[in-house]
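Asker: Just passing along the structure, written as structure tokens.
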Amino acid sequence: YFKPLSSTVLLRRFILSLRHPIIAVTGSSGAGTSTVKLAFEHIFHRMELNAAFVHGDGFHSYNRAAMTEELNKANIRGENFSHFGPAANHLDKLEDLFSSYGENARGQMRRYVHDELEATEYGAEPGHFTEWEPIPDDTDLLFYEGLHGGVVTEKHNIASHVDLLVGVTPIINLEWIQKRVRDQEDRGYTADEV
């Protein structure tokens, strides 16, 4: 008689079989990566695992005002420029974090502060970054949520450092509806700005 293992048991065996595992949940803004992160948080709690949580927004190159300026410049030049592309991100620092964490559970991260609530929590103004800081000690795994967890370019192969990669891609209408609701209700943007 074979009894199938639960997904929680399989995940626990997977995580504990690796020395410093990295799980990356990747998808565009409004795709549902935060909902997937919440599910993993519950799993980690039940499994009594201490995760280092890293959000991809901390690896953007520009704060809110500077990004707006760069977008305007690119628009004038007729160029495609966004948070999706390598020019707007520190992919080198993200790859360094993943590589370092995989080797010795160390690395540097920072946070992007979206709103007043996060400003209170992290001590930086909305639209700006916190200072770079080390990953907390004594973590069992690194959990990344953001745009670039599976990126492969001519210069960077971030995906090669990830042990479990989850891509979140809902239907396009749902993605834009979720983004519009979140950006208006949680981040204070107008419908026209979204």
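How things are named: the first chain in the structure tokens is A, the next is B, and so on; residues count from 1 in each chain; ligands count from 1 in the order shown.
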Using only C-alpha atoms, which residues sit within 6 Å of region 76-91 of chain A once same-chain residues fewer than 5 positions away are excluded, as a PyMOL selection string?
Answerer: chain A and resi 59-61
Asker: Please determine, counting only C-alpha atoms, which residue among A:His148, A:His128, A:Arg187, A:Lys179 has the shortest atom-to-atom distance to Ala31 (chain A).
Answerer: A:Lys179
Asker: For Val54 (chain A), please output as a compact mmCIF listing (two decimals) with N, CA and C atoms, in the first residue's frame all residues within 7 Å (counting only C-alpha atoms; exclusion window: fewer than 4 positions along the same chain).
Answerer:
# COMPACT_ATOMS: atom_id res chain seq x y z
N PHE A 143 13.22 33.42 0.58
CA PHE A 143 12.00 33.48 -0.23
C PHE A 143 11.97 34.83 -0.92
N TYR A 144 12.00 34.80 -2.25
CA TYR A 144 11.99 36.02 -3.07
C TYR A 144 10.64 36.15 -3.75
N GLU A 145 10.11 37.36 -3.72
CA GLU A 145 8.89 37.69 -4.44
C GLU A 145 9.15 38.93 -5.28
Asker: Let me make sure I understand: among A:Val166, A:Ala105, A:Ala74, A:Val151, which one has the smallest atom-to-atom distance to Lys37 (chain A) if we use only C-alpha atoms?
Answerer: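 Using only C-alpha atoms, Lys37 (chain A) sits closest to A:Val166.
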Asker: Could you write out, as a ChimeraX atom specification, all the residues of chain A that DSSP marks as alpha helix (DSSP H)?
Answerer: /A:7-17,33-47,64-77,91-104,116-122,172-185
Asker: Which of chain A end up as strand (DSSP E) when DSSP is run on this backbone - answer as a PyMOL selection string?
Answerer: chain A and resi 22-26+51-55+108-109+133-134+141-146+164-167
Asker: Nearest to His55 (chain A) among A:Leu147, A:Ser99, A:Arg106, A:Ala119, with distances taken over only C-alpha atoms: which residue is it?
Answerer: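 When distances to His55 (chain A) are compared using only C-alpha atoms, the smallest one comes from A:Leu147.
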Asker: What is the CA of Leu165 (chain A)-CA of Ala24 (chain A) distance in Å, reported with one decimal?
Answerer: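 That distance, rounded to one decimal, is 4.9 Å.
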Asker: For Phe40 (chain A), list every protein, DNA or RNA residue within 12 Å, evaluated using only C-alpha atoms, and leave out those in the same chain fewer than 5 positions away; present the list as a PyMOL selection string.
Answerer: chain A and resi 7-8+11-12+23-25+33-35+45-51+53+141-145+166
Asker: Store the residues picked out above in a file with C-alpha atoms, as a PDB file, in the first residue's frame.
Answerer:
ATOM      1  CA  SER A   7       2.598  18.785  -0.554  1.00  0.00           C
ATOM      2  CA  THR A   8       3.730  20.155   2.828  1.00  0.00           C
ATOM      3  CA  LEU A  11       8.181  20.685   0.416  1.00  0.00           C
ATOM      4  CA  ARG A  12       9.724  20.119   3.842  1.00  0.00           C
ATOM      5  CA  ILE A  23      12.390  29.848  -3.496  1.00  0.00           C
ATOM      6  CA  ALA A  24      11.408  32.552  -5.980  1.00  0.00           C
ATOM      7  CA  VAL A  25       7.844  33.558  -6.805  1.00  0.00           C
ATOM      8  CA  THR A  33       2.542  36.909  -6.146  1.00  0.00           C
ATOM      9  CA  SER A  34       1.648  38.389  -2.743  1.00  0.00           C
ATOM     10  CA  THR A  35      -1.179  35.867  -2.387  1.00  0.00           C
ATOM     11  CA  HIS A  45       4.907  28.552   9.915  1.00  0.00           C
ATOM     12  CA  ARG A  46       3.475  25.009  10.034  1.00  0.00           C
ATOM     13  CA  MET A  47       6.872  23.578   9.145  1.00  0.00           C
ATOM     14  CA  GLU A  48       8.618  25.787  11.739  1.00  0.00           C
ATOM     15  CA  LEU A  49      10.964  27.225   9.129  1.00  0.00           C
ATOM     16  CA  ASN A  50      12.534  30.662   9.410  1.00  0.00           C
ATOM     17  CA  ALA A  51      12.570  32.318   5.991  1.00  0.00           C
ATOM     18  CA  PHE A  53      11.823  37.313   2.857  1.00  0.00           C
ATOM     19  CA  LEU A 141      15.712  29.466   3.321  1.00  0.00           C
ATOM     20  CA  LEU A 142      15.414  32.602   1.219  1.00  0.00           C
ATOM     21  CA  PHE A 143      12.003  33.482  -0.227  1.00  0.00           C
ATOM     22  CA  TYR A 144      11.993  36.017  -3.072  1.00  0.00           C
ATOM     23  CA  GLU A 145       8.887  37.689  -4.443  1.00  0.00           C
ATOM     24  CA  VAL A 166       7.053  29.642  -9.249  1.00  0.00           C
TER      25      VAL A 166
END
Asker: So which residues touch region 160-163 of chain A within 8 Å, counting only C-alpha atoms, skipping near sequence neighbours fewer than 4 positions away, as a ChimeraX atom specification?
Answerer: /A:21-24,95,98-99,102,149-150
Asker: Considering only C-alpha atoms, can you say which of A:Arg64, A:Leu71, A:Asn104, A:Ala191 comes closest to Asp138 (chain A)?
Answerer: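 Using only C-alpha atoms, Asp138 (chain A) sits closest to A:Asn104.
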Asker: Give me, as a PyMOL selection string, all polymer residues having an atom no more than 7 Å from Val194 (chain A), counting only C-alpha atoms and skipping those fewer than 3 positions away in the same chain.
Answerer: chain A and resi 180+183+189-191
Asker: I need the chosen residues saved as an mmCIF file, in the first residue's frame, with N, CA, C and O atoms.
Answerer:
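Result saved to again.cif:
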data_model
loop_
_atom_site.group_PDB
_atom_site.id
_atom_site.type_symbol
_atom_site.label_atom_id
_atom_site.label_comp_id
_atom_site.auth_asym_id
_atom_site.auth_seq_id
_atom_site.Cartn_x
_atom_site.Cartn_y
_atom_site.Cartn_z
ATOM 1 N N ARG A 180 -5.172 47.600 -10.653
ATOM 2 C CA ARG A 180 -5.917 48.849 -10.518
ATOM 3 C C ARG A 180 -6.482 48.994 -9.107
ATOM 4 O O ARG A 180 -6.334 50.042 -8.482
ATOM 5 N N ASP A 183 -3.473 49.533 -6.597
ATOM 6 C CA ASP A 183 -2.816 50.830 -6.723
ATOM 7 C C ASP A 183 -3.708 51.977 -6.279
ATOM 8 O O ASP A 183 -3.224 52.966 -5.723
ATOM 9 N N TYR A 189 -3.139 55.980 -5.800
ATOM 10 C CA TYR A 189 -3.098 56.504 -7.157
ATOM 11 C C TYR A 189 -4.530 56.732 -7.674
ATOM 12 O O TYR A 189 -5.463 56.048 -7.278
ATOM 13 N N THR A 190 -4.684 57.675 -8.584
ATOM 14 C CA THR A 190 -5.964 57.892 -9.234
ATOM 15 C C THR A 190 -6.141 56.872 -10.353
ATOM 16 O O THR A 190 -5.167 56.251 -10.786
ATOM 17 N N ALA A 191 -7.373 56.735 -10.852
ATOM 18 C CA ALA A 191 -7.633 55.798 -11.953
ATOM 19 C C ALA A 191 -6.817 56.179 -13.176
ATOM 20 O O ALA A 191 -6.271 55.309 -13.872
#
